[in-house]
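Undergrad: This structure is in structure tokens; I'll ask about it shortly.
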Amino acid sequence: MNLPANKTDQAYEAIEDMIIFQELAPGSMVSEAQLMELTGFGRSPVRDALQRLAADRLVEIYPYKGVFIPAISVEVQFKVLELRRVVGEFAVRLATRRGSNLQKKEMLTLAEEFENITTVDDMRQFGKLLKHTYGLIGEAAQNEYLQPCLSPLQGLSSRFWFAQLAPGKEAELIKASRLNATMLRDICHGDEERAAESSKNVNDYFTEFTFKLLKR
């Protein structure tokens with residue numbers, strides 16, 4: 001898996017990880033100084049990372065007050081998934097058509113890693129695989145305007161899902177892993193319609209998961 005290219009990228013990933021796994025609690029306010037201490041990065045990388053996170057709607061920046069971690073909302077999740085379904089399918093179609101042999105080889109490796117997800121201890125690994133997967137799909141689509149749309153949707157939907165996993169989350173983790181592995185393999189096989197259907201299956205899973213929450 002590729003390492004972040006610079007300190008801003010590293011700071012972004014560190015803060016994003018803390019948000020997605022609720023180490024920074026939804027609805028809380030933090031300062032730049034706190035984030036510098038938590039991540040070990042200086043003011044400039046943290047500040048630049050926060051600007052990107054704000055664009056991705058994972059934080060809200062209030063000058064002279066701090067950084068707000070937005071609350072998690074079922075309503076927001078449905079809106080995100082509604083758009084993610086369309087954007088994700090489009091990206092997968094393009095990746096199936098335009099992806100290079102090297103990119104598809106990397107996708108097969110990711111599919112195998114998803115299939116190795118078996119326990120709750122693999123949760124953070126699953127999160128990294130998701131991020132890598134949709135970054136790679138965005139690259140393979142060969143449309144530089146697509147990734148800025150796809151990445152925030154993936155981050156927001158993942159954040160909600162991780163926050164709402166029930167105590168018996170192992171089964172959900174395995175199910176989501178297998179669905180993503182199937183999607184990656186279908187992209188590599190070059191069947192655009194099948195790959196598009198697999199992409200919709202991934203999104204449908206997250207949507208059904210969210211509907212189940214309303215019934216609890």
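In the structure tokens, chains take letters A, B, ... by order of appearance, with residues numbered from 1 within each chain and ligands from 1 in the order shown.
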Need the shell around Ala49 (chain A): protein/DNA/RNA residues with any atom at most 8 Å away, counting only C-alpha atoms. Skip same-chain ones fewer than 2 positions apart. Format as an MDAnalysis selection string?
TA: chainID A and resid 8:9 11:12 45:47 51:53
Undergrad: Write a file of the selected residues as a short mmCIF file (atom, residue, chain, number, x, y, z; two decimals), in the first residue's frame, keeping N, CA and C atoms.
TA:
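Result written to out36.cif:
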```
data_model
loop_
_atom_site.label_atom_id
_atom_site.label_comp_id
_atom_site.auth_asym_id
_atom_site.auth_seq_id
_atom_site.Cartn_x
_atom_site.Cartn_y
_atom_site.Cartn_z
N THR A 8 1.42 16.91 4.74
CA THR A 8 0.01 17.29 4.70
C THR A 8 -0.87 16.07 4.47
N ASP A 9 -0.46 15.20 3.53
CA ASP A 9 -1.21 13.97 3.28
C ASP A 9 -1.23 13.08 4.52
N ALA A 11 -0.89 14.06 7.66
CA ALA A 11 -1.73 14.70 8.68
C ALA A 11 -3.20 14.49 8.35
N TYR A 12 -3.53 14.61 7.06
CA TYR A 12 -4.91 14.40 6.62
C TYR A 12 -5.37 12.99 6.99
N PRO A 45 1.13 21.60 8.18
CA PRO A 45 0.49 20.39 7.67
C PRO A 45 -0.90 20.16 8.25
N VAL A 46 -1.07 20.44 9.55
CA VAL A 46 -2.38 20.25 10.18
C VAL A 46 -3.39 21.23 9.61
N ARG A 47 -2.98 22.48 9.45
CA ARG A 47 -3.90 23.49 8.92
C ARG A 47 -4.31 23.16 7.49
N GLN A 51 -8.16 22.07 5.98
CA GLN A 51 -8.85 22.68 4.84
C GLN A 51 -9.41 21.61 3.91
N ARG A 52 -8.63 20.56 3.70
CA ARG A 52 -9.10 19.46 2.85
C ARG A 52 -10.24 18.70 3.52
N LEU A 53 -10.11 18.48 4.82
CA LEU A 53 -11.16 17.77 5.55
C LEU A 53 -12.45 18.58 5.58
#
```
Undergrad: As an mmCIF file with all heavy atoms, in the first residue's frame, please: the residues near Ala195 (chain A) (cut-off 8 Å, only C-alpha atoms, same-chain neighbours under 5 positions excluded).
TA:
```cif
data_model
loop_
_atom_site.group_PDB
_atom_site.id
_atom_site.type_symbol
_atom_site.label_atom_id
_atom_site.label_comp_id
_atom_site.auth_asym_id
_atom_site.auth_seq_id
_atom_site.Cartn_x
_atom_site.Cartn_y
_atom_site.Cartn_z
ATOM 1 N N VAL A 92 -16.793 3.072 -11.361
ATOM 2 C CA VAL A 92 -16.485 1.665 -11.610
ATOM 3 C C VAL A 92 -16.579 1.344 -13.099
ATOM 4 O O VAL A 92 -15.741 0.598 -13.642
ATOM 5 C CB VAL A 92 -17.430 0.765 -10.780
ATOM 6 C CG1 VAL A 92 -17.431 -0.660 -11.299
ATOM 7 C CG2 VAL A 92 -17.007 0.790 -9.317
ATOM 8 N N ARG A 93 -17.568 1.891 -13.770
ATOM 9 C CA ARG A 93 -17.676 1.679 -15.222
ATOM 10 C C ARG A 93 -16.436 2.193 -15.944
ATOM 11 O O ARG A 93 -15.864 1.504 -16.808
ATOM 12 C CB ARG A 93 -18.934 2.361 -15.764
ATOM 13 C CG ARG A 93 -20.236 1.645 -15.451
ATOM 14 C CD ARG A 93 -21.425 2.364 -16.075
ATOM 15 N NE ARG A 93 -22.676 1.676 -15.817
ATOM 16 C CZ ARG A 93 -23.139 0.639 -16.515
ATOM 17 N NH1 ARG A 93 -22.433 0.169 -17.539
ATOM 18 N NH2 ARG A 93 -24.289 0.075 -16.199
ATOM 19 N N THR A 96 -13.376 0.036 -15.207
ATOM 20 C CA THR A 96 -13.427 -1.234 -15.943
ATOM 21 C C THR A 96 -12.931 -1.047 -17.370
ATOM 22 O O THR A 96 -12.188 -1.863 -17.911
ATOM 23 C CB THR A 96 -14.862 -1.791 -15.960
ATOM 24 O OG1 THR A 96 -15.338 -1.908 -14.625
ATOM 25 C CG2 THR A 96 -14.907 -3.161 -16.623
ATOM 26 N N MET A 183 -16.615 -6.729 -6.236
ATOM 27 C CA MET A 183 -16.612 -5.573 -7.131
ATOM 28 C C MET A 183 -15.244 -5.407 -7.803
ATOM 29 O O MET A 183 -15.152 -5.195 -9.017
ATOM 30 C CB MET A 183 -16.972 -4.311 -6.360
ATOM 31 C CG MET A 183 -16.942 -3.035 -7.192
ATOM 32 S SD MET A 183 -17.189 -1.559 -6.168
ATOM 33 C CE MET A 183 -15.649 -1.558 -5.197
ATOM 34 N N LEU A 184 -14.182 -5.526 -7.019
ATOM 35 C CA LEU A 184 -12.838 -5.360 -7.577
ATOM 36 C C LEU A 184 -12.537 -6.447 -8.603
ATOM 37 O O LEU A 184 -11.953 -6.168 -9.661
ATOM 38 C CB LEU A 184 -11.808 -5.397 -6.446
ATOM 39 C CG LEU A 184 -11.749 -4.141 -5.565
ATOM 40 C CD1 LEU A 184 -10.950 -4.426 -4.294
ATOM 41 C CD2 LEU A 184 -11.127 -2.983 -6.323
ATOM 42 N N ASP A 186 -14.686 -8.067 -10.433
ATOM 43 C CA ASP A 186 -15.502 -7.829 -11.627
ATOM 44 C C ASP A 186 -14.908 -6.723 -12.496
ATOM 45 O O ASP A 186 -14.961 -6.797 -13.734
ATOM 46 C CB ASP A 186 -16.935 -7.467 -11.223
ATOM 47 C CG ASP A 186 -17.702 -8.682 -10.697
ATOM 48 O OD1 ASP A 186 -17.256 -9.816 -10.952
ATOM 49 O OD2 ASP A 186 -18.737 -8.489 -10.035
ATOM 50 N N ILE A 187 -14.342 -5.707 -11.853
ATOM 51 C CA ILE A 187 -13.655 -4.657 -12.631
ATOM 52 C C ILE A 187 -12.498 -5.280 -13.409
ATOM 53 O O ILE A 187 -12.315 -5.008 -14.607
ATOM 54 C CB ILE A 187 -13.119 -3.547 -11.694
ATOM 55 C CG1 ILE A 187 -14.273 -2.759 -11.061
ATOM 56 C CG2 ILE A 187 -12.199 -2.588 -12.466
ATOM 57 C CD1 ILE A 187 -13.832 -1.775 -9.977
ATOM 58 N N GLY A 190 -13.213 -7.156 -16.605
ATOM 59 C CA GLY A 190 -13.553 -6.353 -17.769
ATOM 60 C C GLY A 190 -15.014 -6.375 -18.168
ATOM 61 O O GLY A 190 -15.365 -5.880 -19.238
#
```
Undergrad: How close does region 140-171 of chain A get to region 57-81 of chain A? List, as JSON lines, each residue of region 140-171 of chain A within 8 Å, its nearest atom pair and the distance in Å to one decimal, counting only C-alpha atoms.
TA:
```
{"residue": "A:Pro152", "atom": "CA", "partner": "A:Arg57", "partner_atom": "CA", "distance": 7.2}
{"residue": "A:Leu153", "atom": "CA", "partner": "A:Val80", "partner_atom": "CA", "distance": 6.0}
{"residue": "A:Gly155", "atom": "CA", "partner": "A:Leu58", "partner_atom": "CA", "distance": 7.9}
{"residue": "A:Leu156", "atom": "CA", "partner": "A:Leu58", "partner_atom": "CA", "distance": 7.0}
{"residue": "A:Ser157", "atom": "CA", "partner": "A:Gln77", "partner_atom": "CA", "distance": 6.2}
{"residue": "A:Phe160", "atom": "CA", "partner": "A:Ile72", "partner_atom": "CA", "distance": 6.4}
```
Undergrad: Using N, CA and C atoms, can you write the selected residues to a file as a CSV table (one decimal), in the first residue's frame?
TA:
```
chain,number,residue,atom,x,y,z
A,152,PRO,N,-14.9,12.2,-0.8
A,152,PRO,CA,-15.7,12.6,0.4
A,152,PRO,C,-16.9,11.7,0.6
A,153,LEU,N,-17.5,11.2,-0.4
A,153,LEU,CA,-18.7,10.4,-0.2
A,153,LEU,C,-18.3,9.1,0.5
A,155,GLY,N,-15.6,8.6,2.5
A,155,GLY,CA,-15.3,8.9,3.8
A,155,GLY,C,-16.5,9.1,4.7
A,156,LEU,N,-17.5,9.9,4.3
A,156,LEU,CA,-18.7,10.1,5.1
A,156,LEU,C,-19.5,8.9,5.3
A,157,SER,N,-19.7,8.1,4.3
A,157,SER,CA,-20.5,6.8,4.5
A,157,SER,C,-19.7,5.8,5.4
A,160,PHE,N,-20.1,6.9,9.1
A,160,PHE,CA,-21.4,6.5,9.7
A,160,PHE,C,-21.4,5.0,10.0
```
Undergrad: Just want the 10 Å neighbourhood of Met123 (chain A), counted on only C-alpha atoms, with same-chain residues fewer than 2 positions away dropped. Output as a list in words.
TA: Phe21, Ile117, Thr118, Thr119, Val120, Asp121, Gln125, Phe126, Gly127, Lys128, Leu129, Phe162, Lys169, Glu170, Leu173 and Ile174 of chain A
Undergrad: Those selected residues, please, written with C-alpha atoms and delivered as a PDB file, in the first residue's frame.
TA:
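This went into part18.pdb:
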```pdb
ATOM      1  CA  PHE A  21     -13.152   5.740  14.195  1.00  0.00           C
ATOM      2  CA  ILE A 117     -10.763  -9.826   6.699  1.00  0.00           C
ATOM      3  CA  THR A 118     -12.235 -12.194   9.309  1.00  0.00           C
ATOM      4  CA  THR A 119     -12.299 -10.578  12.750  1.00  0.00           C
ATOM      5  CA  VAL A 120     -13.112  -7.317  14.501  1.00  0.00           C
ATOM      6  CA  ASP A 121      -9.369  -6.820  14.930  1.00  0.00           C
ATOM      7  CA  GLN A 125      -7.349  -2.651   8.034  1.00  0.00           C
ATOM      8  CA  PHE A 126     -10.775  -2.717   6.385  1.00  0.00           C
ATOM      9  CA  GLY A 127     -10.924   1.081   6.608  1.00  0.00           C
ATOM     10  CA  LYS A 128      -7.515   1.402   4.946  1.00  0.00           C
ATOM     11  CA  LEU A 129      -8.517  -1.026   2.218  1.00  0.00           C
ATOM     12  CA  PHE A 162     -18.162   2.313  11.609  1.00  0.00           C
ATOM     13  CA  LYS A 169     -20.130  -6.481  13.970  1.00  0.00           C
ATOM     14  CA  GLU A 170     -17.875  -9.285  12.750  1.00  0.00           C
ATOM     15  CA  LEU A 173     -17.434  -6.551   8.487  1.00  0.00           C
ATOM     16  CA  ILE A 174     -17.025  -9.817   6.603  1.00  0.00           C
TER      17      ILE A 174
END
```
Undergrad: Could you state the separation of CA of Glu139 (chain A) and CA of Ser44 (chain A) in Å, given to one decimal place?
TA: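 Taking CA of Glu139 (chain A) and CA of Ser44 (chain A), their separation equals 27.1 Å.
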Undergrad: From a DSSP calculation on the backbone, collect every residue of chain A in strand (DSSP E or B) and output the set as a PyMOL selection string.
TA: chain A and resi 29-30+60-62+66-68
Undergrad: Would you write out those residues with all heavy atoms, as an mmCIF file, in the first residue's frame?
TA:
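Writing done, so here's selection39.cif:
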```cif
data_model
loop_
_atom_site.group_PDB
_atom_site.id
_atom_site.type_symbol
_atom_site.label_atom_id
_atom_site.label_comp_id
_atom_site.auth_asym_id
_atom_site.auth_seq_id
_atom_site.Cartn_x
_atom_site.Cartn_y
_atom_site.Cartn_z
ATOM 1 N N MET A 29 -15.627 19.788 19.810
ATOM 2 C CA MET A 29 -14.811 20.868 19.269
ATOM 3 C C MET A 29 -13.369 20.623 19.707
ATOM 4 O O MET A 29 -13.105 20.336 20.875
ATOM 5 C CB MET A 29 -15.313 22.219 19.801
ATOM 6 C CG MET A 29 -14.617 23.430 19.203
ATOM 7 S SD MET A 29 -15.209 23.845 17.545
ATOM 8 C CE MET A 29 -16.718 24.732 17.948
ATOM 9 N N VAL A 30 -12.436 20.724 18.762
ATOM 10 C CA VAL A 30 -11.023 20.565 19.075
ATOM 11 C C VAL A 30 -10.254 21.754 18.511
ATOM 12 O O VAL A 30 -10.752 22.474 17.643
ATOM 13 C CB VAL A 30 -10.447 19.249 18.498
ATOM 14 C CG1 VAL A 30 -11.067 18.044 19.165
ATOM 15 C CG2 VAL A 30 -10.643 19.182 16.992
ATOM 16 N N GLU A 60 -15.768 21.108 10.416
ATOM 17 C CA GLU A 60 -16.190 22.483 10.168
ATOM 18 C C GLU A 60 -15.235 23.391 10.931
ATOM 19 O O GLU A 60 -15.006 23.186 12.124
ATOM 20 C CB GLU A 60 -17.631 22.712 10.640
ATOM 21 C CG GLU A 60 -18.650 21.864 9.894
ATOM 22 C CD GLU A 60 -20.049 21.970 10.481
ATOM 23 O OE1 GLU A 60 -20.259 22.844 11.360
ATOM 24 O OE2 GLU A 60 -20.908 21.157 10.095
ATOM 25 N N ILE A 61 -14.659 24.361 10.241
ATOM 26 C CA ILE A 61 -13.658 25.231 10.850
ATOM 27 C C ILE A 61 -14.298 26.556 11.253
ATOM 28 O O ILE A 61 -14.941 27.225 10.431
ATOM 29 C CB ILE A 61 -12.493 25.487 9.879
ATOM 30 C CG1 ILE A 61 -11.822 24.157 9.501
ATOM 31 C CG2 ILE A 61 -11.472 26.442 10.496
ATOM 32 C CD1 ILE A 61 -10.795 24.273 8.391
ATOM 33 N N TYR A 62 -14.112 26.926 12.526
ATOM 34 C CA TYR A 62 -14.622 28.196 13.041
ATOM 35 C C TYR A 62 -13.435 29.031 13.529
ATOM 36 O O TYR A 62 -12.848 28.710 14.568
ATOM 37 C CB TYR A 62 -15.618 27.954 14.184
ATOM 38 C CG TYR A 62 -16.875 27.266 13.725
ATOM 39 C CD1 TYR A 62 -16.983 25.866 13.765
ATOM 40 C CD2 TYR A 62 -17.949 27.995 13.227
ATOM 41 C CE1 TYR A 62 -18.138 25.229 13.315
ATOM 42 C CE2 TYR A 62 -19.105 27.355 12.787
ATOM 43 C CZ TYR A 62 -19.187 25.986 12.833
ATOM 44 O OH TYR A 62 -20.335 25.350 12.387
ATOM 45 N N GLY A 66 -12.257 27.104 16.902
ATOM 46 C CA GLY A 66 -11.752 25.745 16.840
ATOM 47 C C GLY A 66 -12.305 24.972 15.658
ATOM 48 O O GLY A 66 -12.849 25.544 14.703
ATOM 49 N N VAL A 67 -12.165 23.673 15.744
ATOM 50 C CA VAL A 67 -12.578 22.762 14.670
ATOM 51 C C VAL A 67 -13.691 21.873 15.213
ATOM 52 O O VAL A 67 -13.513 21.176 16.212
ATOM 53 C CB VAL A 67 -11.386 21.892 14.206
ATOM 54 C CG1 VAL A 67 -11.830 20.927 13.112
ATOM 55 C CG2 VAL A 67 -10.242 22.773 13.720
ATOM 56 N N PHE A 68 -14.828 21.907 14.554
ATOM 57 C CA PHE A 68 -15.997 21.137 14.989
ATOM 58 C C PHE A 68 -16.074 19.833 14.219
ATOM 59 O O PHE A 68 -15.951 19.813 12.987
ATOM 60 C CB PHE A 68 -17.272 21.955 14.762
ATOM 61 C CG PHE A 68 -18.532 21.261 15.180
ATOM 62 C CD1 PHE A 68 -18.812 21.018 16.515
ATOM 63 C CD2 PHE A 68 -19.458 20.845 14.220
ATOM 64 C CE1 PHE A 68 -19.981 20.374 16.901
ATOM 65 C CE2 PHE A 68 -20.629 20.203 14.596
ATOM 66 C CZ PHE A 68 -20.890 19.972 15.939
#
```
Undergrad: May I have the residues within 10 Å of Glu113 (chain A) as an mmCIF file with all heavy atoms, in the first residue's frame, using only C-alpha atoms and disregarding those fewer than 2 positions away in the same chain?
TA:
```
data_model
loop_
_atom_site.group_PDB
_atom_site.id
_atom_site.type_symbol
_atom_site.label_atom_id
_atom_site.label_comp_id
_atom_site.auth_asym_id
_atom_site.auth_seq_id
_atom_site.Cartn_x
_atom_site.Cartn_y
_atom_site.Cartn_z
ATOM 1 N N MET A 107 -5.735 -4.127 -7.971
ATOM 2 C CA MET A 107 -7.105 -4.376 -7.498
ATOM 3 C C MET A 107 -7.282 -5.827 -7.064
ATOM 4 O O MET A 107 -7.966 -6.105 -6.071
ATOM 5 C CB MET A 107 -8.113 -4.039 -8.598
ATOM 6 C CG MET A 107 -8.271 -2.548 -8.852
ATOM 7 S SD MET A 107 -9.500 -2.225 -10.149
ATOM 8 C CE MET A 107 -9.207 -0.495 -10.472
ATOM 9 N N LEU A 108 -6.682 -6.753 -7.788
ATOM 10 C CA LEU A 108 -6.783 -8.166 -7.410
ATOM 11 C C LEU A 108 -6.105 -8.415 -6.063
ATOM 12 O O LEU A 108 -6.593 -9.216 -5.249
ATOM 13 C CB LEU A 108 -6.155 -9.046 -8.489
ATOM 14 C CG LEU A 108 -6.948 -9.183 -9.795
ATOM 15 C CD1 LEU A 108 -6.153 -9.985 -10.816
ATOM 16 C CD2 LEU A 108 -8.303 -9.838 -9.547
ATOM 17 N N THR A 109 -4.999 -7.721 -5.834
ATOM 18 C CA THR A 109 -4.324 -7.829 -4.532
ATOM 19 C C THR A 109 -5.227 -7.306 -3.423
ATOM 20 O O THR A 109 -5.344 -7.909 -2.347
ATOM 21 C CB THR A 109 -2.999 -7.041 -4.553
ATOM 22 O OG1 THR A 109 -2.141 -7.587 -5.553
ATOM 23 C CG2 THR A 109 -2.303 -7.114 -3.197
ATOM 24 N N LEU A 110 -5.889 -6.172 -3.679
ATOM 25 C CA LEU A 110 -6.811 -5.605 -2.696
ATOM 26 C C LEU A 110 -7.982 -6.555 -2.445
ATOM 27 O O LEU A 110 -8.431 -6.706 -1.301
ATOM 28 C CB LEU A 110 -7.336 -4.253 -3.190
ATOM 29 C CG LEU A 110 -6.348 -3.082 -3.131
ATOM 30 C CD1 LEU A 110 -6.938 -1.872 -3.857
ATOM 31 C CD2 LEU A 110 -6.017 -2.720 -1.691
ATOM 32 N N ALA A 111 -8.483 -7.195 -3.509
ATOM 33 C CA ALA A 111 -9.586 -8.147 -3.357
ATOM 34 C C ALA A 111 -9.181 -9.286 -2.417
ATOM 35 O O ALA A 111 -9.951 -9.698 -1.537
ATOM 36 C CB ALA A 111 -10.001 -8.699 -4.719
ATOM 37 N N GLU A 115 -10.698 -10.320 1.285
ATOM 38 C CA GLU A 115 -11.144 -11.682 1.594
ATOM 39 C C GLU A 115 -10.445 -12.253 2.825
ATOM 40 O O GLU A 115 -10.919 -13.237 3.404
ATOM 41 C CB GLU A 115 -10.916 -12.575 0.370
ATOM 42 C CG GLU A 115 -11.899 -12.266 -0.756
ATOM 43 C CD GLU A 115 -11.466 -12.798 -2.106
ATOM 44 O OE1 GLU A 115 -10.321 -13.285 -2.233
ATOM 45 O OE2 GLU A 115 -12.270 -12.722 -3.055
ATOM 46 N N ASN A 116 -9.351 -11.632 3.236
ATOM 47 C CA ASN A 116 -8.647 -12.067 4.447
ATOM 48 C C ASN A 116 -9.185 -11.402 5.705
ATOM 49 O O ASN A 116 -8.744 -11.724 6.817
ATOM 50 C CB ASN A 116 -7.143 -11.770 4.319
ATOM 51 C CG ASN A 116 -6.449 -12.700 3.336
ATOM 52 O OD1 ASN A 116 -6.878 -13.840 3.138
ATOM 53 N ND2 ASN A 116 -5.390 -12.213 2.704
ATOM 54 N N ILE A 117 -10.139 -10.474 5.543
ATOM 55 C CA ILE A 117 -10.763 -9.826 6.699
ATOM 56 C C ILE A 117 -11.692 -10.833 7.368
ATOM 57 O O ILE A 117 -12.649 -11.313 6.760
ATOM 58 C CB ILE A 117 -11.568 -8.580 6.276
ATOM 59 C CG1 ILE A 117 -10.647 -7.525 5.647
ATOM 60 C CG2 ILE A 117 -12.362 -8.017 7.449
ATOM 61 C CD1 ILE A 117 -9.774 -6.779 6.602
ATOM 62 N N GLN A 125 -7.868 -2.199 9.319
ATOM 63 C CA GLN A 125 -7.349 -2.651 8.034
ATOM 64 C C GLN A 125 -8.424 -2.529 6.960
ATOM 65 O O GLN A 125 -8.149 -2.118 5.832
ATOM 66 C CB GLN A 125 -6.862 -4.102 8.147
ATOM 67 C CG GLN A 125 -6.421 -4.742 6.832
ATOM 68 C CD GLN A 125 -5.188 -4.107 6.230
ATOM 69 O OE1 GLN A 125 -4.588 -3.212 6.817
ATOM 70 N NE2 GLN A 125 -4.802 -4.558 5.043
ATOM 71 N N PHE A 126 -9.655 -2.865 7.319
ATOM 72 C CA PHE A 126 -10.775 -2.717 6.385
ATOM 73 C C PHE A 126 -10.922 -1.252 5.964
ATOM 74 O O PHE A 126 -11.119 -0.953 4.785
ATOM 75 C CB PHE A 126 -12.064 -3.211 7.034
ATOM 76 C CG PHE A 126 -13.294 -3.007 6.189
ATOM 77 C CD1 PHE A 126 -13.601 -3.883 5.157
ATOM 78 C CD2 PHE A 126 -14.136 -1.936 6.428
ATOM 79 C CE1 PHE A 126 -14.735 -3.680 4.365
ATOM 80 C CE2 PHE A 126 -15.265 -1.732 5.657
ATOM 81 C CZ PHE A 126 -15.571 -2.612 4.620
ATOM 82 N N LEU A 129 -8.245 -0.401 3.515
ATOM 83 C CA LEU A 129 -8.517 -1.026 2.218
ATOM 84 C C LEU A 129 -9.591 -0.268 1.448
ATOM 85 O O LEU A 129 -9.492 -0.089 0.230
ATOM 86 C CB LEU A 129 -8.944 -2.485 2.419
ATOM 87 C CG LEU A 129 -7.859 -3.470 2.867
ATOM 88 C CD1 LEU A 129 -8.467 -4.842 3.155
ATOM 89 C CD2 LEU A 129 -6.766 -3.588 1.820
ATOM 90 N N SER A 177 -16.699 -6.701 3.357
ATOM 91 C CA SER A 177 -15.407 -7.030 2.744
ATOM 92 C C SER A 177 -15.599 -7.867 1.490
ATOM 93 O O SER A 177 -14.970 -7.611 0.445
ATOM 94 C CB SER A 177 -14.532 -7.793 3.743
ATOM 95 O OG SER A 177 -14.220 -7.000 4.855
ATOM 96 N N ARG A 178 -16.479 -8.864 1.572
ATOM 97 C CA ARG A 178 -16.693 -9.745 0.417
ATOM 98 C C ARG A 178 -17.345 -8.995 -0.742
ATOM 99 O O ARG A 178 -17.021 -9.236 -1.913
ATOM 100 C CB ARG A 178 -17.558 -10.945 0.824
ATOM 101 C CG ARG A 178 -16.968 -11.818 1.924
ATOM 102 C CD ARG A 178 -15.560 -12.325 1.586
ATOM 103 N NE ARG A 178 -15.020 -13.173 2.657
ATOM 104 C CZ ARG A 178 -14.293 -12.729 3.667
ATOM 105 N NH1 ARG A 178 -13.999 -11.433 3.755
ATOM 106 N NH2 ARG A 178 -13.837 -13.551 4.591
ATOM 107 N N ALA A 181 -14.656 -7.030 -2.410
ATOM 108 C CA ALA A 181 -13.756 -7.926 -3.137
ATOM 109 C C ALA A 181 -14.379 -8.355 -4.467
ATOM 110 O O ALA A 181 -13.704 -8.377 -5.511
ATOM 111 C CB ALA A 181 -13.444 -9.158 -2.289
#
```
Undergrad: Would you compute the distance between CA of Glu106 (chain A) and CA of Asp191 (chain A)? Give it in Å to one decimal.
TA: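 Taking CA of Glu106 (chain A) and CA of Asp191 (chain A), their separation equals 17.4 Å.
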Undergrad: Could you give me, as a PyMOL selection string, the residues within 10 Å of region 212-216 of chain A, counting only C-alpha atoms and dropping anything in the same chain fewer than 2 positions from it?
TA: chain A and resi 74+164-166+206-210
Undergrad: Report as number ranges by chain: the residues of region 19-142 of chain A with a DSSP assignment of helix (DSSP H, G or I), based on the backbone of this structure.
TA: A: 19-20, 32-39, 43-55, 74-98, 101-115, 120-140
Undergrad: Figure out the distance between CA of Asn180 (chain A) and CA of Leu130 (chain A), please, to one decimal in Å.
TA: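 Taking CA of Leu130 (chain A) and CA of Asn180 (chain A), their separation equals 8.2 Å.
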Undergrad: Pick from A:Ile137, A:Tyr145, A:Gln22, A:Ala54: nearest to Arg97 (chain A), with only C-alpha atoms counted?
TA: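 Counting only C-alpha atoms, the residue closest to Arg97 (chain A) is A:Ile137.
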